$ cat query-v1.cif   # mmCIF, C-alpha atoms
data_input
loop_
_atom_site.label_atom_id
_atom_site.label_comp_id
_atom_site.auth_asym_id
_atom_site.auth_seq_id
_atom_site.Cartn_x
_atom_site.Cartn_y
_atom_site.Cartn_z
CA MET A 1 162.77 -9.87 -61.35
CA GLY A 2 160.06 -12.34 -60.75
CA LYS A 3 158.11 -12.13 -57.62
CA LYS A 4 159.66 -13.69 -54.60
CA ARG A 5 158.11 -16.98 -53.87
CA LYS A 6 158.13 -18.19 -50.35
CA MET A 7 159.63 -21.68 -50.20
CA PRO A 8 157.34 -23.96 -48.28
CA GLY A 9 159.21 -25.53 -45.36
CA LEU A 10 160.21 -29.13 -45.80
CA ASN A 11 157.97 -31.36 -43.77
CA THR A 12 160.26 -32.83 -41.15
CA SER A 13 157.70 -34.43 -38.93
CA SER A 14 158.86 -37.91 -39.98
CA THR A 15 162.55 -37.36 -39.16
CA ALA A 16 161.81 -38.31 -35.59
CA ASP A 17 160.30 -41.58 -36.73
CA ILE A 18 163.25 -42.30 -39.00
CA SER A 19 165.76 -41.67 -36.25
CA PHE A 20 163.71 -43.78 -33.88
CA MET A 21 163.97 -46.60 -36.38
CA LEU A 22 167.75 -46.17 -36.51
CA LEU A 23 167.91 -46.12 -32.75
CA ILE A 24 165.93 -49.32 -32.45
CA PHE A 25 168.07 -50.95 -35.13
CA PHE A 26 171.22 -50.13 -33.17
CA LEU A 27 169.70 -51.31 -29.92
CA VAL A 28 168.94 -54.66 -31.46
CA THR A 29 172.19 -55.28 -33.31
CA THR A 30 174.64 -54.16 -30.66
CA SER A 31 175.47 -55.63 -27.34
CA MET A 32 176.37 -53.69 -24.28
CA ASP A 33 177.49 -56.67 -22.27
CA THR A 34 180.83 -56.01 -20.69
CA ASP A 35 182.86 -59.13 -20.77
CA GLN A 36 183.83 -60.40 -17.37
CA GLY A 37 186.12 -63.18 -16.43
CA LEU A 38 189.16 -64.49 -14.65
CA GLY A 39 192.41 -63.18 -16.07
CA ARG A 40 195.38 -65.49 -16.31
CA THR A 41 198.86 -65.28 -17.75
CA LEU A 42 200.16 -68.37 -19.45
CA PRO A 43 203.81 -69.37 -19.07
CA LYS A 44 206.11 -68.77 -22.01
CA PRO A 45 206.48 -71.70 -24.38
CA PRO A 46 209.46 -73.97 -23.73
CA GLU A 47 212.42 -73.19 -25.98
CA PRO A 48 212.90 -76.02 -28.45
CA ASP A 49 216.71 -76.14 -28.25
CA GLN A 50 216.81 -75.70 -24.52
CA GLU A 51 216.93 -78.61 -22.16
CA GLN A 52 213.91 -79.03 -19.99
CA ASN A 53 215.48 -78.27 -16.67
CA GLU A 54 212.51 -78.29 -14.42
CA ILE A 55 212.60 -75.84 -11.60
CA LYS A 56 213.03 -77.81 -8.44
CA VAL A 57 210.38 -76.91 -5.93
CA LYS A 58 210.47 -78.40 -2.47
CA GLU A 59 207.73 -80.87 -1.74
CA ARG A 60 206.27 -78.78 1.07
CA ASN A 61 205.96 -75.72 -1.15
CA ILE A 62 203.56 -77.27 -3.63
CA LEU A 63 199.85 -77.64 -3.22
CA ASN A 64 198.70 -80.10 -5.81
CA ILE A 65 195.09 -79.97 -6.82
CA ARG A 66 194.13 -82.74 -9.16
CA ILE A 67 190.79 -83.19 -10.88
CA ASN A 68 190.09 -86.49 -12.62
CA LYS A 69 187.79 -87.24 -15.51
CA ASP A 70 184.84 -87.87 -13.21
CA ASN A 71 185.34 -84.44 -11.66
CA TYR A 72 186.62 -85.76 -8.33
CA LEU A 73 188.94 -83.42 -6.56
CA LEU A 74 192.14 -84.37 -4.82
CA ILE A 75 194.00 -81.80 -2.78
CA GLY A 76 197.36 -83.13 -1.71
CA GLU A 77 196.25 -86.62 -0.75
CA ASP A 78 192.67 -86.12 0.37
CA TYR A 79 189.47 -86.19 -1.59
CA CYS A 80 187.38 -83.11 -1.10
CA THR A 81 184.80 -80.85 -2.71
CA VAL A 82 185.03 -77.52 -4.49
CA GLN A 83 183.78 -75.82 -1.34
CA ASP A 84 186.87 -76.95 0.60
CA VAL A 85 189.36 -75.54 -1.90
CA LYS A 86 189.27 -71.99 -0.59
CA GLU A 87 189.92 -72.89 3.05
CA ARG A 88 192.65 -75.36 2.15
CA ALA A 89 194.33 -72.81 -0.07
CA LYS A 90 194.15 -70.13 2.60
CA VAL A 91 195.72 -72.39 5.23
CA PHE A 92 198.38 -73.39 2.73
CA ILE A 93 199.29 -69.88 1.62
CA LYS A 94 199.31 -68.40 5.09
CA ASN A 95 200.99 -71.18 7.14
CA GLU A 96 200.29 -69.30 10.33
CA ASN A 97 201.88 -71.75 12.79
CA ASN A 98 204.94 -72.55 10.70
CA ASP A 99 203.83 -76.11 10.13
CA PRO A 100 206.68 -78.17 8.59
CA ASN A 101 204.25 -79.67 6.06
CA LEU A 102 203.14 -76.28 4.77
CA PRO A 103 205.29 -73.92 2.68
CA GLU A 104 208.36 -72.50 4.32
CA LEU A 105 208.19 -69.02 5.78
CA ARG A 106 211.01 -66.80 4.66
CA PRO A 107 211.87 -63.29 5.67
CA LYS A 108 211.09 -60.84 2.90
CA LYS A 109 211.64 -57.15 2.92
CA ILE A 110 208.44 -55.43 1.89
CA LYS A 111 209.59 -52.31 0.12
CA ASN A 112 206.54 -50.14 0.55
CA LEU A 113 206.05 -51.11 4.15
CA GLY A 114 209.62 -50.60 5.29
CA LYS A 115 209.78 -53.79 7.31
CA THR A 116 210.62 -57.42 6.94
CA MET A 117 207.89 -60.01 7.15
CA MET A 118 207.75 -63.77 7.15
CA VAL A 119 205.96 -64.85 3.99
CA THR A 120 205.53 -68.10 2.12
CA GLU A 121 207.30 -66.66 -0.84
CA ASN A 122 208.05 -69.87 -2.69
CA HIS A 123 204.68 -71.54 -2.55
CA VAL A 124 203.06 -72.77 -5.73
CA ILE A 125 199.53 -73.97 -6.28
CA SER A 126 199.29 -76.33 -9.18
CA VAL A 127 196.03 -77.39 -10.75
CA GLN A 128 196.16 -80.52 -12.86
CA THR A 129 193.28 -81.82 -14.87
CA ASP A 130 192.49 -84.77 -17.02
CA ARG A 131 191.43 -84.35 -20.63
CA GLY A 132 187.94 -85.40 -19.64
CA THR A 133 187.50 -83.01 -16.73
CA ASP A 134 184.61 -80.58 -17.03
CA TYR A 135 185.70 -77.02 -17.65
CA GLY A 136 183.07 -75.82 -15.17
CA VAL A 137 184.76 -77.66 -12.28
CA TYR A 138 188.19 -76.40 -13.30
CA PHE A 139 186.85 -72.86 -13.44
CA GLN A 140 185.28 -73.13 -10.00
CA VAL A 141 188.58 -74.31 -8.55
CA GLN A 142 190.39 -71.38 -10.17
CA ASP A 143 187.73 -69.03 -8.87
CA ALA A 144 188.07 -70.46 -5.35
CA LEU A 145 191.85 -69.98 -5.47
CA VAL A 146 191.50 -66.35 -6.50
CA ALA A 147 188.93 -65.94 -3.73
CA ALA A 148 191.43 -67.37 -1.23
CA TYR A 149 194.07 -64.87 -2.30
CA ASN A 150 191.61 -62.00 -2.25
CA GLU A 151 190.43 -62.85 1.25
CA LEU A 152 193.98 -63.08 2.57
CA ARG A 153 194.84 -59.78 0.93
CA ASP A 154 191.74 -58.18 2.43
CA GLU A 155 192.61 -59.50 5.87
CA PHE A 156 196.14 -58.22 5.63
CA ALA A 157 195.12 -54.84 4.25
CA LYS A 158 192.58 -54.43 7.05
CA ALA A 159 195.13 -55.31 9.73
CA GLU A 160 197.84 -53.10 8.25
CA PHE A 161 196.00 -50.16 6.70
CA GLY A 162 192.56 -50.41 8.22
CA HIS A 163 190.66 -50.83 4.98
CA LYS A 164 190.02 -53.44 2.33
CA TYR A 165 192.42 -54.21 -0.49
CA GLU A 166 190.30 -52.53 -3.14
CA PHE A 167 190.41 -49.19 -1.27
CA CYS A 168 194.20 -49.25 -0.91
CA THR A 169 196.46 -46.81 -2.72
CA ASP A 170 198.72 -48.21 -5.41
CA LYS A 171 201.67 -48.35 -3.03
CA GLU A 172 199.70 -50.18 -0.39
CA LYS A 173 198.39 -52.57 -2.99
CA GLU A 174 201.92 -53.35 -4.07
CA ALA A 175 202.91 -54.07 -0.49
CA VAL A 176 199.95 -56.41 -0.05
CA ARG A 177 200.80 -58.15 -3.29
CA ASP A 178 204.37 -58.59 -2.07
CA VAL A 179 203.11 -60.33 1.04
CA TYR A 180 200.65 -62.54 -0.80
CA PRO A 181 201.87 -63.00 -4.37
CA GLN A 182 199.48 -64.96 -6.55
CA LYS A 183 201.18 -68.15 -7.63
CA ILE A 184 198.88 -70.44 -9.49
CA SER A 185 200.72 -72.59 -11.96
CA GLU A 186 199.21 -73.65 -15.24
CA ALA A 187 200.54 -77.17 -15.27
CA GLU A 188 201.70 -78.97 -18.37
CA PRO A 189 198.95 -81.28 -19.54
CA LYS A 190 199.03 -84.87 -18.36
CA THR A 191 196.51 -87.65 -18.36
CA TYR A 192 195.23 -89.25 -15.22
CA GLY A 193 192.92 -92.18 -14.90
CA GLY A 194 192.55 -92.80 -18.62
CA THR A 195 191.02 -90.55 -21.23
CA LYS A 196 187.39 -90.24 -22.02
CA MET B 1 145.44 -25.28 -27.60
CA PRO B 2 148.58 -24.35 -29.48
CA GLU B 3 150.41 -27.38 -30.84
CA MET B 4 153.59 -28.39 -29.11
CA ASN B 5 156.71 -27.60 -31.05
CA THR B 6 158.28 -30.94 -31.94
CA SER B 7 160.96 -29.64 -34.27
CA SER B 8 163.74 -30.53 -31.81
CA LEU B 9 162.52 -34.07 -31.35
CA PRO B 10 164.66 -35.51 -34.20
CA ASP B 11 167.77 -33.87 -32.75
CA LEU B 12 167.01 -35.39 -29.40
CA ILE B 13 166.57 -38.84 -30.79
CA PHE B 14 169.69 -38.45 -32.88
CA SER B 15 171.73 -37.66 -29.80
CA ILE B 16 170.42 -40.77 -28.08
CA LEU B 17 171.29 -42.71 -31.20
CA PHE B 18 174.85 -41.39 -31.21
CA PHE B 19 175.21 -42.18 -27.54
CA PHE B 20 174.22 -45.77 -28.18
CA MET B 21 176.49 -46.05 -31.16
CA MET B 22 179.42 -44.98 -29.04
CA VAL B 23 178.88 -47.09 -25.93
CA THR B 24 177.95 -50.30 -27.67
CA THR B 25 179.86 -52.53 -30.00
CA MET B 26 178.52 -54.41 -32.95
CA ARG B 27 177.90 -58.04 -32.19
CA GLU B 28 181.00 -59.42 -33.86
CA VAL B 29 179.94 -62.86 -34.90
CA THR B 30 176.87 -64.98 -35.14
CA LEU B 31 177.29 -67.73 -32.65
CA MET B 32 177.42 -71.23 -34.03
CA VAL B 33 177.99 -72.87 -30.70
CA LYS B 34 175.82 -72.97 -27.63
CA PHE B 35 177.54 -72.15 -24.42
CA GLU B 36 176.61 -71.49 -20.89
CA LYS B 37 179.44 -69.67 -19.22
CA PRO B 38 180.60 -70.84 -15.81
CA VAL B 39 179.64 -68.78 -12.78
CA GLY B 40 182.27 -67.11 -10.67
CA THR B 41 182.61 -64.65 -7.83
CA GLN B 42 186.03 -63.06 -8.32
CA LEU B 43 185.63 -61.67 -11.81
CA GLU B 44 187.29 -58.65 -13.33
CA LYS B 45 186.01 -56.56 -16.18
CA LEU B 46 187.73 -56.86 -19.49
CA ALA B 47 189.81 -53.73 -19.87
CA ARG B 48 190.10 -53.14 -23.60
CA LYS B 49 187.61 -54.76 -25.85
CA SER B 50 189.38 -53.55 -28.99
CA CYS B 51 192.54 -55.53 -28.15
CA THR B 52 190.69 -58.75 -27.50
CA SER B 53 190.10 -61.79 -29.63
CA PHE B 54 187.37 -64.21 -28.80
CA VAL B 55 187.48 -67.96 -28.96
CA TYR B 56 184.17 -69.74 -28.54
CA ILE B 57 183.98 -73.37 -27.54
CA GLY B 58 180.80 -75.34 -27.11
CA GLN B 59 178.38 -77.71 -28.78
CA PRO B 60 177.02 -76.70 -32.19
CA THR B 61 173.62 -75.02 -32.03
CA ASP B 62 170.51 -77.11 -32.61
CA ASN B 63 170.12 -76.32 -36.31
CA LEU B 64 173.78 -77.12 -37.02
CA ARG B 65 173.68 -80.27 -34.95
CA GLY B 66 172.79 -82.47 -37.90
CA GLN B 67 175.68 -81.19 -39.95
CA PHE B 68 178.43 -81.01 -37.36
CA GLY B 69 177.44 -83.49 -34.68
CA SER B 70 177.21 -82.79 -31.00
CA SER B 71 180.81 -82.89 -29.84
CA HIS B 72 182.35 -79.68 -28.57
CA ARG B 73 183.81 -77.49 -31.28
CA ILE B 74 185.87 -74.34 -31.50
CA GLN B 75 184.46 -71.33 -33.31
CA LEU B 76 186.69 -68.57 -34.66
CA ASN B 77 185.02 -65.66 -36.43
CA ASP B 78 182.26 -67.26 -38.45
CA LYS B 79 183.36 -70.83 -38.84
CA PHE B 80 184.33 -73.91 -36.93
CA ALA B 81 188.04 -74.45 -36.59
CA GLU B 82 190.59 -76.97 -35.46
CA PRO B 83 192.83 -76.06 -32.52
CA ALA B 84 195.84 -75.55 -34.81
CA GLU B 85 194.05 -72.77 -36.72
CA ILE B 86 194.04 -70.60 -33.61
CA TYR B 87 197.71 -69.83 -34.22
CA ASP B 88 196.98 -68.06 -37.51
CA TYR B 89 193.91 -66.42 -36.03
CA VAL B 90 195.93 -64.91 -33.21
CA MET B 91 198.71 -63.79 -35.53
CA GLU B 92 196.25 -62.09 -37.85
CA ASP B 93 194.30 -60.38 -35.07
CA ARG B 94 197.35 -59.20 -33.21
CA GLY B 95 199.04 -58.09 -36.43
CA GLY B 96 196.16 -55.71 -37.07
CA LEU B 97 196.65 -53.86 -33.81
CA ALA B 98 198.61 -50.68 -33.35
CA GLU B 99 202.11 -51.22 -32.03
CA ASN B 100 201.43 -49.76 -28.59
CA ASP B 101 198.27 -51.83 -28.17
CA LYS B 102 200.05 -55.12 -28.72
CA PRO B 103 201.14 -55.68 -25.10
CA PHE B 104 197.48 -55.50 -24.08
CA TYR B 105 196.41 -58.16 -26.51
CA THR B 106 194.17 -60.63 -24.70
CA VAL B 107 192.35 -63.73 -25.77
CA SER B 108 188.98 -64.23 -24.17
CA LEU B 109 187.87 -67.83 -23.92
CA LYS B 110 184.12 -68.13 -23.98
CA VAL B 111 183.66 -71.73 -23.11
CA ASP B 112 180.69 -73.86 -22.20
CA HIS B 113 181.03 -75.25 -18.69
CA HIS B 114 180.54 -78.86 -19.84
CA THR B 115 183.47 -78.77 -22.23
CA PRO B 116 186.12 -81.40 -21.50
CA MET B 117 189.41 -79.81 -20.48
CA GLY B 118 191.29 -81.63 -23.24
CA ILE B 119 190.20 -79.10 -25.86
CA ILE B 120 191.01 -76.17 -23.60
CA THR B 121 194.43 -77.56 -22.80
CA ASP B 122 195.13 -77.91 -26.52
CA VAL B 123 194.00 -74.34 -27.10
CA LYS B 124 196.16 -73.05 -24.28
CA GLN B 125 199.23 -74.84 -25.60
CA ILE B 126 198.71 -73.22 -29.00
CA LEU B 127 198.19 -69.81 -27.44
CA ARG B 128 201.47 -70.25 -25.61
CA LYS B 129 203.18 -71.13 -28.85
CA ALA B 130 201.71 -67.99 -30.44
CA TYR B 131 202.90 -65.92 -27.46
CA ALA B 132 199.36 -64.84 -26.70
CA LEU B 133 199.93 -65.25 -23.00
CA LYS B 134 197.16 -63.11 -21.60
CA ILE B 135 193.91 -64.98 -21.44
CA VAL B 136 190.58 -64.43 -19.79
CA TYR B 137 188.21 -67.21 -18.81
CA SER B 138 184.95 -65.50 -19.57
CA ALA B 139 182.25 -66.06 -16.96
CA ASN B 140 179.05 -64.72 -15.48
CA LYS B 141 178.90 -63.07 -12.12
CA GLN B 142 177.21 -65.01 -9.37
CA GLN B 143 174.01 -63.28 -8.34
#

$ encode --input "query-v1.cif" --output "structure tokens"
Amino acid sequence: MGKKRKMPGLNTSSTADISFMLLIFFLVTTSMDTDQGLGRTLPKPPEPDQEQNEIKVKERNILNIRINKDNYLLIGEDYCTVQDVKERAKVFIKNENNDPNLPELRPKKIKNLGKTMMVTENHVISVQTDRGTDYGVYFQVQDALVAAYNELRDEFAKAEFGHKYEFCTDKEKEAVRDVYPQKISEAEPKTYGGTK
Amino acid sequence: MPEMNTSSLPDLIFSILFFFMMVTTMREVTLMVKFEKPVGTQLEKLARKSCTSFVYIGQPTDNLRGQFGSSHRIQLNDKFAEPAEIYDYVMEDRGGLAENDKPFYTVSLKVDHHTPMGIITDVKQILRKAYALKIVYSANKQQ
């Protein structure tokens, strides 16, 4: 046999550099941003062969928020700003003093709480926009409405369970959601005040 | 001074590399529209990125401005599209998902805050028709 030759070790000092290059490449081409946003569920499309029988909602149960093409806001019949939306929505959803102009309070049995409470079960908040309305304004209104619901839920959870909604157990959360169900309607498109 | 043994350095870097490959996703598309997302306070994180399709709406970027004008356009994948094309886009994207992922299918709307609502209303009507009922209005968190 020939004499054993010792293989010289492969020089690996550059592997680190190569993998660094790969690392940097991946850092540049990928994004770690977690997408955030407001989740919504759209209503099912209307059946073509079915008659449009609109669900009758009592006048007092609807809170109409209209935004025109110049981004002016109308809640019910008053002009107001985006900042007012949250307070108006909270008053509307809660109807603390059983005002006849605000949604009707109905007894509802809350399953996970084992008692019956008066809630404005049938209220609907409807946001209508013009084709020319800025999306930013629409989004802020939606955000304010969600904020109104979240604050009411927090208040209720604190009074009932002694901690905020986000720290509730699943059962408690369900009870809170039963008391304050989120009812924001995605209205059918209409035009107001001419199109842009 | 004896030299430091660096033979494990490549392994170390490789593990960092693999970590990054796992937690990040490839940037799916090159953006052809400019958009500044609206700012909100009540945002939720998107649960499953793999079951999500993205619809971008905004003005064409500066170098495409000459070709496509400055009105707000919809971008799907790598090209501009008309609202009606979203139907096929949704069908194709949702068709590629596993059966038990389909209920989680979400459409994320990444829309510039100056976009007129008309376009968005059109898009929403088409999404309803395509039974893609879960949508997310993508936004940035208020600092």

$ closest_residue --input "query-v1.cif" --among "A:Lys58, A:Arg131, A:Lys158, A:Lys69" --to "Glu104 (chain A)" --atoms "all atoms listed in the file"
A:Lys58

$ interface_residues --input "query-v1.cif" --of "chain A" --to "chain B" --cutoff "9 Å" --atoms "only C-alpha atoms" --output "number ranges by chain"
A: 12-20, 22-24, 26-27, 29-46, 69, 129-140, 143-144, 146-147, 150, 188-189, 196

$ write_last_selection --input "query-v1.cif" --atoms "C-alpha atoms" --output "PDB file, keeping the file's coordinate frame"
ATOM      1  CA  THR A  12     160.260 -32.830 -41.150  1.00  0.00           C
ATOM      2  CA  SER A  13     157.700 -34.430 -38.930  1.00  0.00           C
ATOM      3  CA  SER A  14     158.860 -37.910 -39.980  1.00  0.00           C
ATOM      4  CA  THR A  15     162.550 -37.360 -39.160  1.00  0.00           C
ATOM      5  CA  ALA A  16     161.810 -38.310 -35.590  1.00  0.00           C
ATOM      6  CA  ASP A  17     160.300 -41.580 -36.730  1.00  0.00           C
ATOM      7  CA  ILE A  18     163.250 -42.300 -39.000  1.00  0.00           C
ATOM      8  CA  SER A  19     165.760 -41.670 -36.250  1.00  0.00           C
ATOM      9  CA  PHE A  20     163.710 -43.780 -33.880  1.00  0.00           C
ATOM     10  CA  LEU A  22     167.750 -46.170 -36.510  1.00  0.00           C
ATOM     11  CA  LEU A  23     167.910 -46.120 -32.750  1.00  0.00           C
ATOM     12  CA  ILE A  24     165.930 -49.320 -32.450  1.00  0.00           C
ATOM     13  CA  PHE A  26     171.220 -50.130 -33.170  1.00  0.00           C
ATOM     14  CA  LEU A  27     169.700 -51.310 -29.920  1.00  0.00           C
ATOM     15  CA  THR A  29     172.190 -55.280 -33.310  1.00  0.00           C
ATOM     16  CA  THR A  30     174.640 -54.160 -30.660  1.00  0.00           C
ATOM     17  CA  SER A  31     175.470 -55.630 -27.340  1.00  0.00           C
ATOM     18  CA  MET A  32     176.370 -53.690 -24.280  1.00  0.00           C
ATOM     19  CA  ASP A  33     177.490 -56.670 -22.270  1.00  0.00           C
ATOM     20  CA  THR A  34     180.830 -56.010 -20.690  1.00  0.00           C
ATOM     21  CA  ASP A  35     182.860 -59.130 -20.770  1.00  0.00           C
ATOM     22  CA  GLN A  36     183.830 -60.400 -17.370  1.00  0.00           C
ATOM     23  CA  GLY A  37     186.120 -63.180 -16.430  1.00  0.00           C
ATOM     24  CA  LEU A  38     189.160 -64.490 -14.650  1.00  0.00           C
ATOM     25  CA  GLY A  39     192.410 -63.180 -16.070  1.00  0.00           C
ATOM     26  CA  ARG A  40     195.380 -65.490 -16.310  1.00  0.00           C
ATOM     27  CA  THR A  41     198.860 -65.280 -17.750  1.00  0.00           C
ATOM     28  CA  LEU A  42     200.160 -68.370 -19.450  1.00  0.00           C
ATOM     29  CA  PRO A  43     203.810 -69.370 -19.070  1.00  0.00           C
ATOM     30  CA  LYS A  44     206.110 -68.770 -22.010  1.00  0.00           C
ATOM     31  CA  PRO A  45     206.480 -71.700 -24.380  1.00  0.00           C
ATOM     32  CA  PRO A  46     209.460 -73.970 -23.730  1.00  0.00           C
ATOM     33  CA  LYS A  69     187.790 -87.240 -15.510  1.00  0.00           C
ATOM     34  CA  THR A 129     193.280 -81.820 -14.870  1.00  0.00           C
ATOM     35  CA  ASP A 130     192.490 -84.770 -17.020  1.00  0.00           C
ATOM     36  CA  ARG A 131     191.430 -84.350 -20.630  1.00  0.00           C
ATOM     37  CA  GLY A 132     187.940 -85.400 -19.640  1.00  0.00           C
ATOM     38  CA  THR A 133     187.500 -83.010 -16.730  1.00  0.00           C
ATOM     39  CA  ASP A 134     184.610 -80.580 -17.030  1.00  0.00           C
ATOM     40  CA  TYR A 135     185.700 -77.020 -17.650  1.00  0.00           C
ATOM     41  CA  GLY A 136     183.070 -75.820 -15.170  1.00  0.00           C
ATOM     42  CA  VAL A 137     184.760 -77.660 -12.280  1.00  0.00           C
ATOM     43  CA  TYR A 138     188.190 -76.400 -13.300  1.00  0.00           C
ATOM     44  CA  PHE A 139     186.850 -72.860 -13.440  1.00  0.00           C
ATOM     45  CA  GLN A 140     185.280 -73.130 -10.000  1.00  0.00           C
ATOM     46  CA  ASP A 143     187.730 -69.030  -8.870  1.00  0.00           C
ATOM     47  CA  ALA A 144     188.070 -70.460  -5.350  1.00  0.00           C
ATOM     48  CA  VAL A 146     191.500 -66.350  -6.500  1.00  0.00           C
ATOM     49  CA  ALA A 147     188.930 -65.940  -3.730  1.00  0.00           C
ATOM     50  CA  ASN A 150     191.610 -62.000  -2.250  1.00  0.00           C
ATOM     51  CA  GLU A 188     201.700 -78.970 -18.370  1.00  0.00           C
ATOM     52  CA  PRO A 189     198.950 -81.280 -19.540  1.00  0.00           C
ATOM     53  CA  LYS A 196     187.390 -90.240 -22.020  1.00  0.00           C
TER      54      LYS A 196
END

$ atom_distance --input "query-v1.cif" --atom1 "CA of Val28 (chain A)" --atom2 "CA of Phe80 (chain B)"
25.2 Å

$ atom_distance --input "query-v1.cif" --atom1 "CA of Phe104 (chain B)" --atom2 "CA of Lys34 (chain B)"
28.1 Å

$ atom_distance --input "query-v1.cif" --atom1 "CA of Asn64 (chain A)" --atom2 "CA of Cys80 (chain A)"
12.6 Å

$ residues_near_point --input "query-v1.cif" --point "(210.9, -52.4, -1.7)" --cutoff "12 Å" --atoms "all atoms listed in the file" --output "JSON, numbers by chain"
{"A": [108, 109, 110, 111, 112, 113, 114, 115, 116, 171, 172, 174, 175, 176, 177, 178, 179]}

$ closest_residue --input "query-v1.cif" --among "B:Gln75, B:Thr30, B:Gln143, B:Asn100" --to "Ser53 (chain B)" --atoms "all atoms listed in the file"
B:Gln75

$ residues_around --input "query-v1.cif" --residues "His72 (chain B)" --least-positions-apart "5" --cutoff "8 Å" --atoms "all atoms listed in the file" --output "number ranges by chain"
B: 57-60, 115

$ write_last_selection --input "query-v1.cif" --atoms "C-alpha atoms" --output "PDB file, keeping the file's coordinate frame"
ATOM      1  CA  ILE B  57     183.980 -73.370 -27.540  1.00  0.00           C
ATOM      2  CA  GLY B  58     180.800 -75.340 -27.110  1.00  0.00           C
ATOM      3  CA  GLN B  59     178.380 -77.710 -28.780  1.00  0.00           C
ATOM      4  CA  PRO B  60     177.020 -76.700 -32.190  1.00  0.00           C
ATOM      5  CA  THR B 115     183.470 -78.770 -22.230  1.00  0.00           C
TER       6      THR B 115
END

$ residues_around --input "query-v1.cif" --residues "Val127 (chain A)" --least-positions-apart "6" --cutoff "9 Å" --atoms "all atoms listed in the file" --output "MDAnalysis selection string"
chainID A and resid 63:67 138 141:142 184:187

$ resolve_selection --input "query-v1.cif" --expression "the PyMOL selection byres ((chain B and resi 64) around 12)" --output "VMD selection string"
chain B and resid 31 to 34 59 to 63 65 to 71 73 79 to 80

$ resolve_selection --input "query-v1.cif" --expression "the PyMOL selection byres ((chain A and resi 87-95) around 12)" --output "VMD selection string"
chain A and resid 60 to 65 74 to 76 78 to 86 96 to 106 118 to 127 141 to 153 155 to 156 179 to 184
